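Structure data follow from model-v8.cif (mmCIF, C-alpha atoms and all ligand atoms):
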```
data_protein
loop_
_atom_site.group_PDB
_atom_site.id
_atom_site.type_symbol
_atom_site.label_atom_id
_atom_site.label_comp_id
_atom_site.auth_asym_id
_atom_site.auth_seq_id
_atom_site.Cartn_x
_atom_site.Cartn_y
_atom_site.Cartn_z
ATOM 1 C CA MET V 1 -5.792 9.008 -22.906
ATOM 2 C CA GLY V 2 -4.233 5.555 -23.169
ATOM 3 C CA ASP V 3 -0.704 6.852 -22.623
ATOM 4 C CA LYS V 4 -1.760 8.960 -19.675
ATOM 5 C CA LEU V 5 -3.656 6.075 -18.067
ATOM 6 C CA PHE V 6 -0.668 3.759 -18.439
ATOM 7 C CA ASP V 7 1.667 6.392 -16.993
ATOM 8 C CA LYS V 8 -0.589 6.779 -13.967
ATOM 9 C CA ILE V 9 -0.945 3.027 -13.408
ATOM 10 C CA ARG V 10 2.846 2.728 -13.487
ATOM 11 C CA GLY V 11 3.098 5.764 -11.242
ATOM 12 C CA ALA V 12 0.879 4.212 -8.576
ATOM 13 C CA LEU V 13 2.719 0.865 -8.590
ATOM 14 C CA TYR V 14 6.222 2.321 -8.683
ATOM 15 C CA GLY V 15 5.050 4.896 -6.160
ATOM 16 C CA VAL V 16 4.455 2.163 -3.579
ATOM 17 C CA ALA V 17 7.928 0.694 -4.159
ATOM 18 C CA VAL V 18 9.950 3.926 -4.116
ATOM 19 C CA GLY V 19 7.971 5.230 -1.124
ATOM 20 C CA ASP V 20 8.716 1.996 0.728
ATOM 21 C CA ALA V 21 12.418 2.139 -0.242
ATOM 22 C CA LEU V 22 12.737 5.809 0.756
ATOM 23 C CA GLY V 23 10.923 5.364 4.065
ATOM 24 C CA GLY V 24 12.296 1.936 5.024
ATOM 25 C CA PRO V 25 15.581 3.203 6.508
ATOM 26 C CA LEU V 26 13.664 5.666 8.726
ATOM 27 C CA GLU V 27 11.183 3.214 10.209
ATOM 28 C CA PHE V 28 10.737 3.579 13.978
ATOM 29 C CA MET V 29 12.734 6.819 14.103
ATOM 30 C CA SER V 30 10.992 9.906 15.444
ATOM 31 C CA LYS V 31 10.731 13.044 13.360
ATOM 32 C CA GLU V 32 13.233 14.716 15.700
ATOM 33 C CA GLU V 33 15.723 11.854 15.422
ATOM 34 C CA ILE V 34 15.573 12.074 11.635
ATOM 35 C CA ILE V 35 16.246 15.815 11.713
ATOM 36 C CA LYS V 36 19.145 15.284 14.107
ATOM 37 C CA SER V 37 20.719 12.460 12.062
ATOM 38 C CA TYR V 38 20.018 13.599 8.502
ATOM 39 C CA GLY V 39 18.385 17.015 8.423
ATOM 40 C CA GLU V 40 15.983 15.772 5.778
ATOM 41 C CA VAL V 41 16.029 12.508 3.824
ATOM 42 C CA ARG V 42 15.461 13.065 0.114
ATOM 43 C CA GLU V 43 17.533 10.174 -1.261
ATOM 44 C CA ILE V 44 17.085 6.406 -1.022
ATOM 45 C CA ILE V 45 19.955 5.744 1.344
ATOM 46 C CA GLY V 46 19.354 2.253 2.710
ATOM 47 C CA GLY V 47 20.205 1.237 6.280
ATOM 48 C CA GLY V 48 17.837 1.515 9.215
ATOM 49 C CA TRP V 49 16.838 -1.271 11.592
ATOM 50 C CA LEU V 50 16.466 -3.735 8.692
ATOM 51 C CA SER V 51 19.932 -2.880 7.268
ATOM 52 C CA LEU V 52 18.376 -2.289 3.868
ATOM 53 C CA LYS V 53 20.424 -1.914 0.727
ATOM 54 C CA PRO V 54 19.619 1.341 -1.091
ATOM 55 C CA GLY V 55 16.528 0.550 -3.170
ATOM 56 C CA GLU V 56 15.614 -2.523 -1.169
ATOM 57 C CA THR V 57 11.915 -2.657 -0.328
ATOM 58 C CA THR V 58 10.076 -4.271 2.591
ATOM 59 C CA ASP V 59 6.859 -6.146 3.350
ATOM 60 C CA ASP V 60 4.712 -3.320 1.981
ATOM 61 C CA THR V 61 5.987 -3.872 -1.553
ATOM 62 C CA ALA V 62 6.209 -7.663 -1.153
ATOM 63 C CA MET V 63 2.554 -7.912 -0.125
ATOM 64 C CA THR V 64 1.475 -5.413 -2.791
ATOM 65 C CA LEU V 65 3.124 -7.665 -5.391
ATOM 66 C CA ALA V 66 1.545 -10.782 -3.863
ATOM 67 C CA VAL V 67 -1.871 -9.130 -4.218
ATOM 68 C CA ALA V 68 -1.196 -7.847 -7.729
ATOM 69 C CA ARG V 69 0.072 -11.194 -9.042
ATOM 70 C CA GLY V 70 -2.920 -12.980 -7.509
ATOM 71 C CA ILE V 71 -5.375 -10.558 -9.126
ATOM 72 C CA ALA V 72 -3.617 -10.732 -12.494
ATOM 73 C CA THR V 73 -3.741 -14.559 -12.514
ATOM 74 C CA GLN V 74 -7.223 -15.027 -11.069
ATOM 75 C CA PRO V 75 -9.183 -11.816 -11.633
ATOM 76 C CA ASP V 76 -12.683 -13.180 -11.024
ATOM 77 C CA ASP V 77 -12.081 -14.394 -7.516
ATOM 78 C CA PRO V 78 -8.493 -13.651 -6.544
ATOM 79 C CA LEU V 79 -8.453 -14.543 -2.826
ATOM 80 C CA TYR V 80 -7.133 -18.068 -3.252
ATOM 81 C CA ALA V 81 -4.308 -16.970 -5.551
ATOM 82 C CA VAL V 82 -3.467 -13.982 -3.362
ATOM 83 C CA GLY V 83 -3.464 -16.240 -0.304
ATOM 84 C CA LYS V 84 -1.115 -18.681 -1.992
ATOM 85 C CA ASN V 85 1.252 -15.798 -2.715
ATOM 86 C CA PHE V 86 1.049 -14.632 0.907
ATOM 87 C CA ILE V 87 2.052 -18.107 2.036
ATOM 88 C CA ASP V 88 4.916 -18.400 -0.449
ATOM 89 C CA TRP V 89 6.188 -15.049 0.782
ATOM 90 C CA PHE V 90 5.715 -16.047 4.441
ATOM 91 C CA ASN V 91 7.643 -19.284 3.796
ATOM 92 C CA SER V 92 10.502 -17.297 2.259
ATOM 93 C CA GLU V 93 11.145 -15.967 5.787
ATOM 94 C CA PRO V 94 11.048 -12.259 4.980
ATOM 95 C CA LYS V 95 13.052 -10.029 7.285
ATOM 96 C CA ASP V 96 10.057 -7.782 7.859
ATOM 97 C CA ILE V 97 6.500 -8.941 8.513
ATOM 98 C CA GLY V 98 3.782 -7.195 10.509
ATOM 99 C CA ASN V 99 2.418 -8.941 13.601
ATOM 100 C CA THR V 100 -1.189 -9.069 12.423
ATOM 101 C CA CYS V 101 -0.214 -10.475 9.028
ATOM 102 C CA GLN V 102 2.103 -13.046 10.554
ATOM 103 C CA GLU V 103 -0.448 -14.275 13.085
ATOM 104 C CA ALA V 104 -3.335 -14.324 10.591
ATOM 105 C CA ILE V 105 -1.249 -16.331 8.108
ATOM 106 C CA GLU V 106 -0.323 -18.801 10.854
ATOM 107 C CA ILE V 107 -3.967 -19.245 11.870
ATOM 108 C CA ALA V 108 -5.082 -19.608 8.234
ATOM 109 C CA LEU V 109 -2.462 -22.318 7.711
ATOM 110 C CA GLN V 110 -3.668 -24.159 10.808
ATOM 111 C CA LEU V 111 -7.265 -23.954 9.582
ATOM 112 C CA ALA V 112 -6.224 -25.237 6.151
ATOM 113 C CA GLY V 113 -4.599 -28.310 7.678
ATOM 114 C CA ASP V 114 -3.835 -30.915 5.032
ATOM 115 C CA GLU V 115 -5.150 -28.674 2.260
ATOM 116 C CA GLN V 116 -2.025 -26.521 2.843
ATOM 117 C CA ILE V 117 -3.399 -23.536 0.924
ATOM 118 C CA PRO V 118 -6.338 -22.008 2.808
ATOM 119 C CA SER V 119 -9.613 -21.446 0.964
ATOM 120 C CA SER V 120 -11.061 -17.913 0.940
ATOM 121 C CA ASP V 121 -13.435 -18.576 3.835
ATOM 122 C CA LYS V 122 -10.577 -19.884 5.988
ATOM 123 C CA TRP V 123 -8.676 -16.626 5.510
ATOM 124 C CA ILE V 124 -11.678 -14.573 6.579
ATOM 125 C CA LYS V 125 -12.224 -16.884 9.563
ATOM 126 C CA ALA V 126 -8.553 -16.628 10.558
ATOM 127 C CA ALA V 127 -8.664 -12.828 10.563
ATOM 128 C CA VAL V 128 -11.841 -12.765 12.683
ATOM 129 C CA GLU V 129 -10.366 -15.273 15.110
ATOM 130 C CA LEU V 130 -7.236 -13.150 15.413
ATOM 131 C CA SER V 131 -9.232 -9.967 15.973
ATOM 132 C CA ASP V 132 -11.168 -11.709 18.791
ATOM 133 C CA ARG V 133 -7.892 -12.898 20.251
ATOM 134 C CA ASN V 134 -6.176 -9.506 20.165
ATOM 135 C CA ASN V 135 -9.100 -7.568 21.619
ATOM 136 C CA HIS V 136 -10.168 -6.161 18.274
ATOM 137 C CA ARG V 137 -6.885 -4.435 17.621
ATOM 138 C CA SER V 138 -6.580 -5.445 13.973
ATOM 139 C CA GLY V 139 -6.530 -1.896 12.632
ATOM 140 C CA GLY V 140 -2.849 -1.942 11.752
ATOM 141 C CA ASN V 141 -1.432 -0.817 8.423
ATOM 142 C CA GLY V 142 -1.114 -4.295 6.949
ATOM 143 C CA ALA V 143 -4.279 -4.219 4.842
ATOM 144 C CA LEU V 144 -4.062 -0.626 3.657
ATOM 145 C CA MET V 145 -0.415 -0.883 2.619
ATOM 146 C CA ARG V 146 -0.996 -3.682 0.100
ATOM 147 C CA THR V 147 -4.175 -2.679 -1.722
ATOM 148 C CA VAL V 148 -3.181 -0.297 -4.502
ATOM 149 C CA TYR V 149 -3.709 -2.838 -7.287
ATOM 150 C CA PRO V 150 -7.493 -3.430 -7.338
ATOM 151 C CA GLY V 151 -8.073 0.257 -8.170
ATOM 152 C CA LEU V 152 -5.632 -0.058 -11.081
ATOM 153 C CA PHE V 153 -6.761 -3.412 -12.451
ATOM 154 C CA TYR V 154 -10.557 -3.444 -12.278
ATOM 155 C CA ASN V 155 -12.524 -1.208 -14.606
ATOM 156 C CA ASP V 156 -15.492 -1.234 -12.270
ATOM 157 C CA ARG V 157 -15.076 0.978 -9.219
ATOM 158 C CA GLU V 158 -17.362 -1.086 -6.996
ATOM 159 C CA LYS V 159 -15.671 -4.358 -7.945
ATOM 160 C CA ALA V 160 -12.275 -2.758 -7.219
ATOM 161 C CA CYS V 161 -13.420 -1.705 -3.740
ATOM 162 C CA ASP V 162 -15.037 -5.080 -2.983
ATOM 163 C CA VAL V 163 -11.906 -6.994 -3.928
ATOM 164 C CA ALA V 164 -9.639 -4.593 -2.009
ATOM 165 C CA VAL V 165 -11.736 -4.903 1.158
ATOM 166 C CA GLN V 166 -11.888 -8.699 0.858
ATOM 167 C CA ILE V 167 -8.119 -8.863 0.478
ATOM 168 C CA GLY V 168 -7.766 -6.661 3.550
ATOM 169 C CA ASP V 169 -10.160 -8.944 5.444
ATOM 170 C CA MET V 170 -7.881 -11.943 4.844
ATOM 171 C CA THR V 171 -5.732 -10.746 7.752
ATOM 172 C CA HIS V 172 -7.280 -7.584 9.182
ATOM 173 C CA ALA V 173 -10.850 -7.955 10.468
ATOM 174 C CA ASP V 174 -11.367 -4.316 11.342
ATOM 175 C CA GLU V 175 -14.144 -1.941 10.351
ATOM 176 C CA LEU V 176 -12.032 1.201 10.074
ATOM 177 C CA SER V 177 -9.353 -0.622 8.109
ATOM 178 C CA ASP V 178 -12.071 -1.783 5.675
ATOM 179 C CA LYS V 179 -13.359 1.763 5.274
ATOM 180 C CA LEU V 180 -9.916 3.204 4.640
ATOM 181 C CA VAL V 181 -8.996 0.424 2.211
ATOM 182 C CA SER V 182 -12.172 1.200 0.309
ATOM 183 C CA ILE V 183 -11.496 4.952 0.288
ATOM 184 C CA TYR V 184 -7.878 4.379 -0.773
ATOM 185 C CA THR V 185 -9.128 2.228 -3.652
ATOM 186 C CA GLU V 186 -11.647 4.853 -4.739
ATOM 187 C CA LEU V 187 -8.969 7.546 -4.662
ATOM 188 C CA VAL V 188 -6.520 5.475 -6.691
ATOM 189 C CA TYR V 189 -9.242 4.424 -9.129
ATOM 190 C CA ASP V 190 -10.465 7.995 -9.692
ATOM 191 C CA MET V 191 -7.059 9.634 -9.902
ATOM 192 C CA VAL V 192 -5.565 7.263 -12.477
ATOM 193 C CA ARG V 193 -8.621 7.781 -14.680
ATOM 194 C CA ASN V 194 -8.668 11.566 -14.484
ATOM 195 C CA GLY V 195 -6.360 14.059 -16.108
ATOM 196 C CA SER V 196 -4.898 17.139 -14.502
ATOM 197 C CA VAL V 197 -3.400 17.455 -11.043
ATOM 198 C CA ASP V 198 -5.982 20.111 -10.151
ATOM 199 C CA GLU V 199 -8.805 17.861 -11.253
ATOM 200 C CA CYS V 200 -7.434 14.989 -9.157
ATOM 201 C CA LEU V 201 -6.896 17.143 -6.102
ATOM 202 C CA GLY V 202 -10.502 18.293 -6.445
ATOM 203 C CA ILE V 203 -11.547 14.635 -6.403
ATOM 204 C CA VAL V 204 -9.485 13.989 -3.264
ATOM 205 C CA LEU V 205 -10.936 16.985 -1.403
ATOM 206 C CA LYS V 206 -14.471 16.068 -2.449
ATOM 207 C CA LEU V 207 -14.049 12.488 -1.274
ATOM 208 C CA ILE V 208 -12.588 13.623 2.073
ATOM 209 C CA GLU V 209 -15.722 15.739 2.506
ATOM 210 C CA GLU V 210 -18.192 13.088 1.311
ATOM 211 C CA LYS V 211 -16.734 10.307 3.445
ATOM 212 C CA LYS V 212 -16.544 12.615 6.469
ATOM 213 C CA LEU V 213 -12.911 11.638 6.822
ATOM 214 C CA LYS V 214 -12.206 14.485 9.237
ATOM 215 C CA ASP V 215 -14.418 12.678 11.771
ATOM 216 C CA LYS V 216 -12.866 9.275 11.115
ATOM 217 C CA LEU V 217 -9.210 10.266 11.185
ATOM 218 C CA PRO V 218 -7.347 11.374 14.307
ATOM 219 C CA PRO V 219 -6.461 15.040 14.848
ATOM 220 C CA GLY V 220 -2.857 16.132 14.280
ATOM 221 C CA LEU V 221 -0.185 14.242 12.388
ATOM 222 C CA LYS V 222 1.437 11.123 13.730
ATOM 223 C CA SER V 223 3.044 8.328 11.760
ATOM 224 C CA SER V 224 2.286 5.020 13.450
ATOM 225 C CA GLY V 225 1.343 1.418 12.780
ATOM 226 C CA TRP V 226 -2.364 2.362 12.889
ATOM 227 C CA CYS V 227 -4.053 2.664 9.494
ATOM 228 C CA ALA V 228 -5.869 5.888 10.418
ATOM 229 C CA ASP V 229 -2.586 7.657 11.245
ATOM 230 C CA SER V 230 -1.003 6.503 7.984
ATOM 231 C CA MET V 231 -3.967 7.648 5.938
ATOM 232 C CA LYS V 232 -3.967 11.005 7.716
ATOM 233 C CA VAL V 233 -0.280 11.667 7.037
ATOM 234 C CA SER V 234 -0.603 10.481 3.419
ATOM 235 C CA LEU V 235 -3.622 12.642 2.630
ATOM 236 C CA HIS V 236 -2.209 15.656 4.446
ATOM 237 C CA TYR V 237 0.896 15.751 2.269
ATOM 238 C CA LEU V 238 -0.934 14.693 -0.878
ATOM 239 C CA VAL V 239 -3.052 17.846 -0.738
ATOM 240 C CA SER V 240 -0.473 20.243 0.711
ATOM 241 C CA LYS V 241 2.576 19.505 -1.497
ATOM 242 C CA SER V 242 2.803 20.042 -5.209
ATOM 243 C CA SER V 243 5.096 17.354 -6.610
ATOM 244 C CA PHE V 244 5.541 13.608 -6.220
ATOM 245 C CA GLU V 245 8.978 14.081 -4.676
ATOM 246 C CA ASP V 246 7.971 16.728 -2.119
ATOM 247 C CA THR V 247 4.896 14.734 -1.085
ATOM 248 C CA ILE V 248 6.770 11.521 -0.364
ATOM 249 C CA VAL V 249 9.769 13.237 1.215
ATOM 250 C CA ALA V 250 7.500 15.069 3.657
ATOM 251 C CA ALA V 251 5.539 11.898 4.463
ATOM 252 C CA VAL V 252 8.518 9.647 5.231
ATOM 253 C CA ASN V 253 10.359 12.328 7.198
ATOM 254 C CA GLU V 254 7.561 12.084 9.752
ATOM 255 C CA GLY V 255 9.303 8.859 10.834
ATOM 256 C CA GLY V 256 7.266 6.235 12.696
ATOM 257 C CA ASP V 257 5.931 3.668 10.250
ATOM 258 C CA SER V 258 7.741 5.553 7.505
ATOM 259 C CA ASP V 259 8.043 2.698 5.007
ATOM 260 C CA THR V 260 4.307 2.055 5.097
ATOM 261 C CA VAL V 261 3.421 5.722 4.980
ATOM 262 C CA GLY V 262 5.843 6.020 2.064
ATOM 263 C CA ALA V 263 4.127 3.108 0.317
ATOM 264 C CA VAL V 264 0.547 4.311 0.912
ATOM 265 C CA CYS V 265 1.362 7.921 0.103
ATOM 266 C CA GLY V 266 3.455 6.721 -2.857
ATOM 267 C CA GLY V 267 0.488 4.821 -4.288
ATOM 268 C CA LEU V 268 -1.713 7.909 -4.021
ATOM 269 C CA ALA V 269 0.876 10.402 -5.271
ATOM 270 C CA GLY V 270 1.813 8.069 -8.139
ATOM 271 C CA ALA V 271 -1.847 7.877 -9.173
ATOM 272 C CA LEU V 272 -2.014 11.663 -8.975
ATOM 273 C CA TYR V 273 1.186 12.649 -10.802
ATOM 274 C CA GLY V 274 2.070 9.555 -12.870
ATOM 275 C CA PHE V 275 5.326 7.691 -13.412
ATOM 276 C CA GLU V 276 6.991 10.472 -15.409
ATOM 277 C CA CYS V 277 6.950 12.633 -12.267
ATOM 278 C CA ILE V 278 8.737 10.104 -10.047
ATOM 279 C CA PRO V 279 12.418 11.087 -9.673
ATOM 280 C CA GLU V 280 14.468 8.880 -11.984
ATOM 281 C CA ARG V 281 17.238 8.632 -9.405
ATOM 282 C CA TRP V 282 14.784 6.878 -7.075
ATOM 283 C CA VAL V 283 13.487 4.476 -9.715
ATOM 284 C CA LYS V 284 17.070 3.551 -10.634
ATOM 285 C CA THR V 285 17.747 2.234 -7.131
ATOM 286 C CA LEU V 286 15.115 -0.523 -7.495
ATOM 287 C CA SER V 287 16.427 -3.937 -8.523
ATOM 288 C CA PRO V 288 16.003 -4.918 -12.187
ATOM 289 C CA THR V 289 13.876 -7.885 -11.058
ATOM 290 C CA LEU V 290 11.516 -5.639 -9.135
ATOM 291 C CA SER V 291 11.299 -3.103 -11.958
ATOM 292 C CA ALA V 292 10.526 -5.862 -14.481
ATOM 293 C CA GLU V 293 7.750 -7.136 -12.238
ATOM 294 C CA LEU V 294 6.295 -3.649 -11.776
ATOM 295 C CA GLU V 295 6.303 -3.193 -15.559
ATOM 296 C CA ARG V 296 4.594 -6.522 -16.151
ATOM 297 C CA LEU V 297 1.910 -5.862 -13.549
ATOM 298 C CA SER V 298 1.336 -2.323 -14.848
ATOM 299 C CA GLN V 299 0.782 -3.759 -18.311
ATOM 300 C CA SER V 300 -1.644 -6.385 -16.953
ATOM 301 C CA ALA V 301 -3.663 -3.678 -15.207
ATOM 302 C CA PHE V 302 -3.675 -1.519 -18.323
ATOM 303 C CA ASP V 303 -4.772 -4.425 -20.549
ATOM 304 C CA SER V 304 -7.340 -5.736 -18.062
ATOM 305 C CA GLU V 305 -10.840 -6.329 -19.367
ATOM 306 C CA TYR V 306 -12.278 -6.994 -15.927
HETATM 307 MG MG MG R 401 7.517 -2.448 5.889
#
```

Transcribe the structure of this file into structure tokens.
Amino acid sequence: MGDKLFDKIRGALYGVAVGDALGGPLEFMSKEEIIKSYGEVREIIGGGWLSLKPGETTDDTAMTLAVARGIATQPDDPLYAVGKNFIDWFNSEPKDIGNTCQEAIEIALQLAGDEQIPSSDKWIKAAVELSDRNNHRSGGNGALMRTVYPGLFYNDREKACDVAVQIGDMTHADELSDKLVSIYTELVYDMVRNGSVDECLGIVLKLIEEKKLKDKLPPGLKSSGWCADSMKVSLHYLVSKSSFEDTIVAAVNEGGDSDTVGAVCGGLAGALYGFECIPERWVKTLSPTLSAELERLSQSAFDSEY
């Protein structure tokens, strides 16, 4: 069981990164534009509006790592450490940062004042202030895209969900985002700890039913910056395709917020199929630094006694 669990933890973490790298070059393209330009994208090609190098990842992976490092260093109450990592990343002037995350980080820094690193309550306050300011439109993808790690690290399902939701609430004060972050965490948690693909798919279908997701998610398929759309596309291909590769390829070829959908769907499909099922040619495109970090964080999650 140990080997299988480790393979699935690695699968979920690497899944986020390869999904982000595969989808990044297609961000903001429509499904039709992708078909016209490429037919279908099945390789990590780089390019796109961010001029990515093949294998280069975006904010989805950067924030996932910020969360994971924070949890691994301060498991009991990780918000301060995660927040510090968000700020370090923000100060590195990343080429891609979502509006809600950027504005929430700016407000949190203002609230922190001389303290420089905001305390947990200042993050939560910043996100609420931002949501009030933007007419309660804080349901973007920014929280969902970064919360794969709690479900891998914590051995208690409820604790994993609580931490994931709190980390989402640092920038995204939004009820639906909270719900989807919690469901995503439950799915990741359950799939990495259960064996066969059929068993895991049963878990996914049961949870969709139990959580009445059909009522919460929009009809049809549309890849956008809204967390409900991303979850819909991710779950649709998770249950309708039968390999890691086919699932992620289908999800990112929807276009729209393709890097985020790739990351979210990659986290789920990685938890379902495990690392051994991720195409090696995709993994090889990631930088050695990133791969080393993913290995280290996978090991920390596997060894975690929390
Ligand atoms: Mg991105």

Give the answer as one residue: which of V:Phe275, V:Tyr38, V:Trp89, V:Phe28 has the shortest atom-to-atom distance to ligand MG 401 (chain R), using only C-alpha atoms and all ligand atoms?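 Looking at the shortest contact to ligand MG 401 (chain R), the residue is V:Phe28.
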
Collect all residues with atoms no farther than 10 Å from ligand MG 401 (chain R), counting only C-alpha atoms and all ligand atoms, and output them as a ChimeraX atom specification. /V:20-21,23-25,27,50,57-63,95-98,141-142,145,257-263

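Coordinates place CA of Leu238 in chain V at a distance of 25.3 Å from CA of His172 in chain V.
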
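The spacing separating CA of Met29 in chain V from CA of Gly256 in chain V amounts to 5.7 Å.
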
Using all atoms listed in the file, which residues sit within 8 Å of Lys122 in chain V once same-chain residues fewer than 2 positions away are excluded, as a ChimeraX atom specification? /V:108,111-112,118-120,124-126

Ala104 in chain V surroundings by only C-alpha atoms, 8 Å radius, close-in-sequence under 5 positions cut, as a VMD selection string: chain V and resid 123 126 to 127 130 170 to 172

Applied to this file, what does the PyMOL selection byres (((chain V and resi 285-288) around 9) and not hetatm) return in terms of residues, put as a compact mmCIF listing (two decimals) with C-alpha atoms, in the coordinates of the input?
```txt
# COMPACT_ATOMS: atom_id res chain seq x y z
CA ALA V 17 7.93 0.69 -4.16
CA VAL V 18 9.95 3.93 -4.12
CA ALA V 21 12.42 2.14 -0.24
CA ILE V 44 17.08 6.41 -1.02
CA PRO V 54 19.62 1.34 -1.09
CA GLY V 55 16.53 0.55 -3.17
CA GLU V 56 15.61 -2.52 -1.17
CA THR V 57 11.92 -2.66 -0.33
CA GLU V 280 14.47 8.88 -11.98
CA ARG V 281 17.24 8.63 -9.40
CA TRP V 282 14.78 6.88 -7.08
CA VAL V 283 13.49 4.48 -9.72
CA LYS V 284 17.07 3.55 -10.63
CA THR V 289 13.88 -7.88 -11.06
CA LEU V 290 11.52 -5.64 -9.14
CA SER V 291 11.30 -3.10 -11.96
CA ALA V 292 10.53 -5.86 -14.48
CA GLU V 293 7.75 -7.14 -12.24
```

Cut-off 8 Å: closest range 191-281 of chain V/range 175-185 of chain V atom pairs per residue, using only C-alpha atoms, as a Markdown table:
```
| residue | atom | partner | partner_atom | distance |
| --- | --- | --- | --- | --- |
| V:Cys227 | CA | V:Ser177 | CA | 6.4 |
| V:Ala228 | CA | V:Leu180 | CA | 7.5 |
| V:Met231 | CA | V:Leu180 | CA | 7.5 |
| V:Leu268 | CA | V:Tyr184 | CA | 7.8 |
```

Could you give me, as a PyMOL selection string, the residues within 12 Å of Leu235 in chain V, counting only C-alpha atoms and dropping anything in the same chain fewer than 4 positions from it? chain V and resi 180+183-184+187+201+204-205+207-208+213-214+217+221+228-231+239-241+247-248+250-251+261-262+264-269+272

From the set V:Glu276, V:Leu297, V:Arg137, V:Ala173, which residue has the shortest atom-to-atom contact distance to Ala66 in chain V, counting all atoms listed in the file? V:Leu297

Got a sec: who's within 8 Å of Gly70 in chain V, counting all atoms listed in the file, leaving out chain neighbours fewer than 2 positions off, as a list of chain:residue names?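 Those residues are V:Ala66, V:Val67, V:Ala68, V:Ala72, V:Thr73, V:Gln74, V:Pro75, V:Pro78, V:Leu79, V:Tyr80, V:Ala81, V:Val82, V:Gly83, V:Asn85.
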
For Glu245 in chain V, find every residue with an atom within 7 Å (counting all atoms listed in the file), except residues of its own chain fewer than 3 positions away, and show them as a PyMOL selection string. chain V and resi 248-249+278-279

Just checking: using all atoms listed in the file, which residue out of V:Lys159, V:Lys211, V:Lys206, V:Lys53 ends up closest to Tyr189 in chain V?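 When distances to Tyr189 in chain V are compared using all atoms listed in the file, the smallest one comes from V:Lys159.
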
To one decimal place in Å, what is the distance between CA of Gly220 in chain V and CA of Gly39 in chain V?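 Going from CA of Gly220 in chain V over to CA of Gly39 in chain V covers 22.1 Å.
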
Axis-aligned box over every listed atom of range 261-279 of chain V, padded by 4 Å per side: centre and edges in Å to one decimal, as AutoDock Vina command-line options?
```
--center_x 5.2 --center_y 7.9 --center_z -5.2 --size_x 22.4 --size_y 17.5 --size_z 28.4
```

Go through the shown structure with the PyMOL selection byres (((chain V and resi 190) around 9) and not hetatm) and write out the matching residues as a list in words.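 Applied to this file, the PyMOL selection byres (((chain V and resi 190) around 9) and not hetatm) returns Gly151, Arg157, Thr185, Glu186, Leu187, Val188, Tyr189, Met191, Val192, Arg193, Asn194, Cys200, Ile203, Val204 and Ala271 of chain V.
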
For Ile87 in chain V, which of V:Leu109, V:Ala12, V:Val148, V:Thr64 is the closest residue, counting only C-alpha atoms?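 Of the candidates, the smallest distance to Ile87 in chain V is held by V:Leu109.
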
Restrict the output to range 121-145 of chain V and C-alpha atoms, then write it as a PDB file, in the first residue's frame.
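This is the output file selection-v2.pdb:
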```
ATOM      1  CA  ASP V 121      -6.512  37.236  10.269  1.00  0.00           C
ATOM      2  CA  LYS V 122      -5.199  40.015   8.018  1.00  0.00           C
ATOM      3  CA  TRP V 123      -5.288  37.679   5.020  1.00  0.00           C
ATOM      4  CA  ILE V 124      -8.889  36.720   5.717  1.00  0.00           C
ATOM      5  CA  LYS V 125      -9.793  40.391   6.217  1.00  0.00           C
ATOM      6  CA  ALA V 126      -8.063  41.362   2.962  1.00  0.00           C
ATOM      7  CA  ALA V 127     -10.021  38.780   0.976  1.00  0.00           C
ATOM      8  CA  VAL V 128     -13.346  39.912   2.477  1.00  0.00           C
ATOM      9  CA  GLU V 129     -12.505  43.544   1.800  1.00  0.00           C
ATOM     10  CA  LEU V 130     -11.665  42.685  -1.799  1.00  0.00           C
ATOM     11  CA  SER V 131     -14.874  40.707  -2.266  1.00  0.00           C
ATOM     12  CA  ASP V 132     -16.882  43.712  -0.978  1.00  0.00           C
ATOM     13  CA  ARG V 133     -14.960  45.955  -3.334  1.00  0.00           C
ATOM     14  CA  ASN V 134     -15.460  43.792  -6.421  1.00  0.00           C
ATOM     15  CA  ASN V 135     -19.170  43.200  -5.869  1.00  0.00           C
ATOM     16  CA  HIS V 136     -18.678  39.694  -4.538  1.00  0.00           C
ATOM     17  CA  ARG V 137     -16.998  38.427  -7.662  1.00  0.00           C
ATOM     18  CA  SER V 138     -14.232  36.496  -5.918  1.00  0.00           C
ATOM     19  CA  GLY V 139     -15.198  33.123  -7.364  1.00  0.00           C
ATOM     20  CA  GLY V 140     -12.251  32.938  -9.731  1.00  0.00           C
ATOM     21  CA  ASN V 141      -9.990  29.921 -10.099  1.00  0.00           C
ATOM     22  CA  GLY V 142      -7.224  31.242  -7.870  1.00  0.00           C
ATOM     23  CA  ALA V 143      -8.156  29.295  -4.738  1.00  0.00           C
ATOM     24  CA  LEU V 144      -9.121  26.025  -6.392  1.00  0.00           C
ATOM     25  CA  MET V 145      -6.003  25.864  -8.558  1.00  0.00           C
TER      26      MET V 145
END
```
